[in-house]
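This report concerns only the one structure given below.
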Amino acid sequence: MGKKKALTGALLAAAIMTVAGCSGRSTASGETAKAPADPADASGTIKVLTHRTDLVQNGTMAEYAAEFNKTYPDVKVTFEALTDYEGEVKIRMNTDDYGDVLMIPAAVAKNDYPKFFAPLGNAGELGGRYRFSDKAEVGGKVYGISTFGTANGFLYNKAVWKKAGITKWPATPEEFVGDLKAIRSRTDAVPYYTNFKDGWPLTAWSNNIGSVTCDAKANDKLAGPVSPWKRGGELHTIDSLLHDIVEEGLSEKDPNTTNWEASKDMIAKGEVATMQLGSWAITQMRDAARKNGADPEDIGFMPFPAQKDGTYCAVLASDYQQAVNIHSGHKTAARAWIDWFAEKSGFSVKEGAVPALKSASLPSTLKDFVDNDVTFVERSEAKTGQVNAIDNAAEIGLNKPDYRQKLVDTARGAQRGSLDDFFADLDKRWNEAAGTAGS
Amino acid sequence: MTETTHTAPAKVPRATAPPPATGRRSSPPRGGPLRRLTPWLFLAVPLVLLVTFTYVPVGNMIYYSLTDWDGVSPDRNFTGLDNYEQIFTRPELFRVFFVSLYYLAASAVQIAIALYFATVLSFDLRFRNLFKGILFFPYLINGVAIGFVFLYFFQDGGTLDSVLSWFGAGSDHAWLGDPTSANVSLAGVSVWRFTGLNFVLFLGAIQSVPAELYEAAQLDGATRWQQFRHIIAPSIRPVVSLSVILAISGSLAVFEIPYIMTAGATGTTTFVIQTVKLAFQFNKTGLASAAAVVLLLIILLITWIQRRLVPDEKVDLV
């Protein structure tokens, strides 16, 4: 009797709390987070949520904050670094408490930006000043400013490539595979390292969309039932290259036990010849070279092996963008930090990445690209929201490791099936999802 | 395999019957309302904890499973049973249960090993406490740490390869390289980890058998095998049957070890890993919640069938 009553009571309480938990979110106004006209106008304590645990731990972020305080003495900046940034922030965004400034998590649908972030200004005004602002543009307003951008390509050890007798960048995927074969036969190095286990380096392959045909709108064009993996499509070229590298046995033996931290030392020491990464990684690999007593200048960066009218192209894509929490009580101070960080902090220079500010020059890490007349195209983000919606609905994950891990497994024979079937299946899922989620 | 450390509420049948009824029966309500209230006051704290951390989340999960929520957006639409319909009409979502068969086979091995050692160590043996410690030790280690340790263990040229090469059996095999080998390796890690738990359960049951029985059996000239067959085996039946339930539900809900070691790559995705990916990679929190509810129901069903097939009979040896 008592047992039953207690259970009923518990369930009732549960039901009540469930309902209570679902309502009760305060609504916030959509006023613009304006930059302070005078530094003295910005005051208060702001909390910045960041994924850069390394920079918070080694005090670099605190140094930026101290520098920031020279201009804005009344603002106190605190940092909260999250190792699982995406996972934790996503859950915290169900409350009002997600810092004053935060990196826009990839999980937030673009159309939801106005519900979470304060607008920073009109697209026309900010778009002229900053790169990548269209990535956070909803309804003519911009909600985030990029911390920095990167170009994608292949990091390679120049000494190893030279030892294999290769002096110029491959111009086609076939040449690229041929060069890797030369490396295998003439040196002891592993020609290509997938970083399969850590997964995210595989996702970076998607950032080459656009580099193949030199089209800034290549990513936007995926919004719809367009069979992205059809022959001649960008993704077909990109993923076929990865497939061929693995199928020819040009990658490491056991992909499931790769190690990102160790891979830095391996490429620095010339044990690995090539890795597909963003330009942000160049600085880290050069540091690793210094640490291992190798020549940092041996770390080179080459564009995706495809040319249009005789020139290479490299797509510039934005990293995380900083936004102001719509529930923040110190929007002016938060905005001051974002502007300062993008323009005056020198963060992108230090990271060797492409600055968000249009007037700033390209970093020295991309010198090889500039010298060899690689065309830079800034990726258009006009339809990113739609592309992501299709991508999620199809459960493919262009920016998730899973499907490329499966591609690698197929290529090395660990999973049955041919490449054509694999692509056909992806196309089918994409097109079906586009019917329900797209447009 | 048998993940008892963080079993969801309904995986193990809860036997925590709140005892107010007995309290009332044994002492008639003579002391007025306060007297009647006292047991409830004692119960308040555990009940609040139980409701807050078990029933509310489960209630929320069931509610989410009826929506198309993406996990972040403040808006969600009620979609009825649509998510459940998807789960039952998309065969690829169920195919991952095949991976559980590896772990199920491993649990059988695990129970056999644990039973063997529990029997051997229940007899008077030199260093038996040391051996008990060694066997139980892996269970005390954090699952994430185990994942990392074994990642190095299986690495190309890692611990396993070097040990094998000492015996001249060195091979060039990539242990996590293909689905069969990877799943067997992962299931092996699972056996290593959870044998200790089964072992302790069995040992406790065996030691609760009165010593006179063994003595009497020995006087009658029973061998060790006969002692096991006729004294130990029947007396620990309830514990074995509990272990089997835990093994089955554990095999269906494997998560930690494959998630840390391979993140579900190379055909090692289990149902729970798939659920996590749906929720946190593809932002389909609604569908993932429905998958979790389905898993819960499957485990309840299996437990129920198992209880019907092997009813809990009272063991009486004396």
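Each chain in the structure tokens gets a letter, A, B, ..., in the order shown, and its residues are numbered from 1; ligands are numbered from 1 in order too.
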Could you list the residues in chain B lying within 9 Å of chain A, using only C-alpha atoms, and format the result as a ChimeraX atom specification?
/B:17-22,47-48,50-52,54-60,63,70-74,151-152,154-156,173-179,261-267,278,280-284
What are the DSSP alpha helix (DSSP H) residues of stretch 189-257 of chain A, as a list in words?
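Residues of stretch 189-257 of chain A classed as alpha helix (DSSP H): Trp200, Pro201, Leu202, Thr203, Glu234, Leu235, His236, Thr237, Ile238, Asp239, Ser240, Leu241, Leu242, His243, Asp244, Ile245, Val246 and Glu247 of chain A.
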Give me a file of those residues, with C-alpha atoms, as a PDB file, in the first residue's frame.
ATOM      1  CA  TRP A 200      38.819  15.918 -36.566  1.00  0.00           C
ATOM      2  CA  PRO A 201      41.809  16.081 -38.915  1.00  0.00           C
ATOM      3  CA  LEU A 202      39.680  14.047 -41.304  1.00  0.00           C
ATOM      4  CA  THR A 203      36.893  16.606 -41.063  1.00  0.00           C
ATOM      5  CA  GLU A 234      34.134  18.895 -55.439  1.00  0.00           C
ATOM      6  CA  LEU A 235      33.450  16.311 -52.767  1.00  0.00           C
ATOM      7  CA  HIS A 236      33.965  13.529 -55.288  1.00  0.00           C
ATOM      8  CA  THR A 237      37.429  14.829 -56.123  1.00  0.00           C
ATOM      9  CA  ILE A 238      38.343  15.475 -52.485  1.00  0.00           C
ATOM     10  CA  ASP A 239      37.142  12.180 -51.076  1.00  0.00           C
ATOM     11  CA  SER A 240      38.469  10.178 -54.031  1.00  0.00           C
ATOM     12  CA  LEU A 241      41.922  11.552 -53.317  1.00  0.00           C
ATOM     13  CA  LEU A 242      41.740  10.427 -49.695  1.00  0.00           C
ATOM     14  CA  HIS A 243      40.407   7.059 -50.835  1.00  0.00           C
ATOM     15  CA  ASP A 244      43.196   6.577 -53.367  1.00  0.00           C
ATOM     16  CA  ILE A 245      45.903   7.509 -50.878  1.00  0.00           C
ATOM     17  CA  VAL A 246      44.649   4.888 -48.438  1.00  0.00           C
ATOM     18  CA  GLU A 247      43.876   2.270 -51.075  1.00  0.00           C
TER      19      GLU A 247
END
Give me the residues near B:Leu295 as a PyMOL selection string, where near means some atom within 9 Å (using only C-alpha atoms) and where sequence neighbours in that chain fewer than 6 positions away do not count.
chain B and resi 252-253+271-272
Take the selection from the previous step and output its residues with N, CA and C atoms, as a JSON list (two decimals), in the first residue's frame.
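To be explicit, this is the file written out as again.json:
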[["chain", "number", "residue", "atom", "x", "y", "z"],
["B", 252, "LEU", "N", 24.22, -5.04, -24.33],
["B", 252, "LEU", "CA", 23.40, -4.19, -25.20],
["B", 252, "LEU", "C", 23.78, -2.73, -25.04],
["B", 253, "ALA", "N", 24.29, -2.38, -23.87],
["B", 253, "ALA", "CA", 24.54, -0.96, -23.59],
["B", 253, "ALA", "C", 26.02, -0.67, -23.44],
["B", 271, "PHE", "N", 24.95, 0.39, -29.88],
["B", 271, "PHE", "CA", 23.69, 1.15, -29.90],
["B", 271, "PHE", "C", 23.82, 2.46, -29.11],
["B", 272, "VAL", "N", 24.51, 2.42, -27.98],
["B", 272, "VAL", "CA", 24.62, 3.63, -27.17],
["B", 272, "VAL", "C", 25.51, 4.67, -27.86]]
Extract, using only C-alpha atoms, all DNA, RNA and protein residues at most 10 Å from A:Pro36, discarding same-chain residues fewer than 2 positions from it, and format them as an NGL selection string.
:A and (33-34 or 38-43 or 72 or 331-336)
Determine, for each residue of stretch 195-216 of chain B having at least one atom at most 12 Å from an atom of stretch 105-116 of chain B, the closest pair of atoms and their separation in Å to one decimal, counting only C-alpha atoms; order by chain and ascending number, as CSV.
residue,atom,partner,partner_atom,distance
B:Thr195,CA,B:Gln110,CA,5.5
B:Gly196,CA,B:Ala114,CA,7.1
B:Leu197,CA,B:Ala114,CA,8.4
B:Asn198,CA,B:Ala114,CA,5.8
B:Phe199,CA,B:Ala114,CA,4.4
B:Val200,CA,B:Ala114,CA,8.2
B:Leu201,CA,B:Ala114,CA,9.1
B:Phe202,CA,B:Leu115,CA,6.5
B:Leu203,CA,B:Leu115,CA,8.1
B:Gly204,CA,B:Leu115,CA,11.4
B:Ala205,CA,B:Leu115,CA,10.8
B:Ile206,CA,B:Leu115,CA,9.8
Proximity check stretch 100-158 of chain A to stretch 49-55 of chain A, 7 Å, nearest pairs one decimal Å, only C-alpha atoms, as JSON lines:
{"residue": "A:Val101", "atom": "CA", "partner": "A:Leu49", "partner_atom": "CA", "distance": 6.3}
{"residue": "A:Leu102", "atom": "CA", "partner": "A:Leu49", "partner_atom": "CA", "distance": 4.8}
{"residue": "A:Met103", "atom": "CA", "partner": "A:Thr50", "partner_atom": "CA", "distance": 6.4}
Hey, what's within 10 Å of B:Phe153 if we count only C-alpha atoms and toss same-chain stuff fewer than 6 positions away? As a PyMOL selection string, please?
(chain A and resi 257) or (chain B and resi 147+159-163+175)
For the residues in the current selection, export C-alpha atoms as a short mmCIF file (atom, residue, chain, number, x, y, z; two decimals), in the first residue's frame.
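Dumped to selection.cif:
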data_model
loop_
_atom_site.label_atom_id
_atom_site.label_comp_id
_atom_site.auth_asym_id
_atom_site.auth_seq_id
_atom_site.Cartn_x
_atom_site.Cartn_y
_atom_site.Cartn_z
CA THR A 257 45.85 3.93 -33.10
CA GLY B 147 40.56 2.78 -22.66
CA THR B 159 52.69 -3.77 -25.63
CA LEU B 160 50.82 -6.70 -27.13
CA ASP B 161 53.07 -6.87 -30.17
CA SER B 162 56.25 -6.70 -28.09
CA VAL B 163 55.07 -9.37 -25.65
CA TRP B 175 44.62 -5.32 -33.79
#
Point-to-point distance from atom CA of B:Glu256 to atom CA of B:Gly143, Å rounded to tenths
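One can read the atom CA of B:Glu256 to atom CA of B:Gly143 distance as 6.4 Å.
By chain and then residue number, the residues within 8 Å of A:Tyr156 are Trp161, Ile267, Ala273, Thr274, Met275, Ile299, Gly300, Phe301 and Met302 of chain A, counting only C-alpha atoms and disregarding those fewer than 5 positions away in sequence.
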Could you write out that same residue set with N, CA and C atoms as a PDB file, in the first residue's frame?
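The new file again06.pdb reads:
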ATOM      1  N   TRP A 161      60.163  15.403 -49.108  1.00  0.00           N
ATOM      2  CA  TRP A 161      59.686  15.490 -50.493  1.00  0.00           C
ATOM      3  C   TRP A 161      60.854  15.690 -51.462  1.00  0.00           C
ATOM      4  N   ILE A 267      56.036  14.436 -38.151  1.00  0.00           N
ATOM      5  CA  ILE A 267      56.242  15.199 -39.388  1.00  0.00           C
ATOM      6  C   ILE A 267      57.467  16.099 -39.237  1.00  0.00           C
ATOM      7  N   ALA A 273      55.515  12.266 -44.104  1.00  0.00           N
ATOM      8  CA  ALA A 273      55.812  13.268 -45.118  1.00  0.00           C
ATOM      9  C   ALA A 273      54.713  14.313 -45.263  1.00  0.00           C
ATOM     10  N   THR A 274      53.447  13.898 -45.144  1.00  0.00           N
ATOM     11  CA  THR A 274      52.355  14.788 -45.496  1.00  0.00           C
ATOM     12  C   THR A 274      51.150  14.611 -44.583  1.00  0.00           C
ATOM     13  N   MET A 275      50.459  15.709 -44.296  1.00  0.00           N
ATOM     14  CA  MET A 275      49.184  15.640 -43.574  1.00  0.00           C
ATOM     15  C   MET A 275      48.265  16.729 -44.105  1.00  0.00           C
ATOM     16  N   ILE A 299      59.066  22.616 -42.670  1.00  0.00           N
ATOM     17  CA  ILE A 299      57.620  22.420 -42.682  1.00  0.00           C
ATOM     18  C   ILE A 299      57.025  23.323 -43.754  1.00  0.00           C
ATOM     19  N   GLY A 300      56.506  22.725 -44.786  1.00  0.00           N
ATOM     20  CA  GLY A 300      55.928  23.506 -45.872  1.00  0.00           C
ATOM     21  C   GLY A 300      54.424  23.311 -45.947  1.00  0.00           C
ATOM     22  N   PHE A 301      53.789  24.108 -46.775  1.00  0.00           N
ATOM     23  CA  PHE A 301      52.348  24.052 -46.911  1.00  0.00           C
ATOM     24  C   PHE A 301      52.015  24.156 -48.387  1.00  0.00           C
ATOM     25  N   MET A 302      51.265  23.189 -48.885  1.00  0.00           N
ATOM     26  CA  MET A 302      50.913  23.243 -50.303  1.00  0.00           C
ATOM     27  C   MET A 302      49.397  23.208 -50.473  1.00  0.00           C
TER      28      MET A 302
END
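Using only C-alpha atoms, the residues found no farther than 7 Å from stretch 80-84 of chain B, other than those of its own chain fewer than 6 positions away, are Ser65, Leu66, Thr67, Gly286, Leu287 and Ala290 of chain B.
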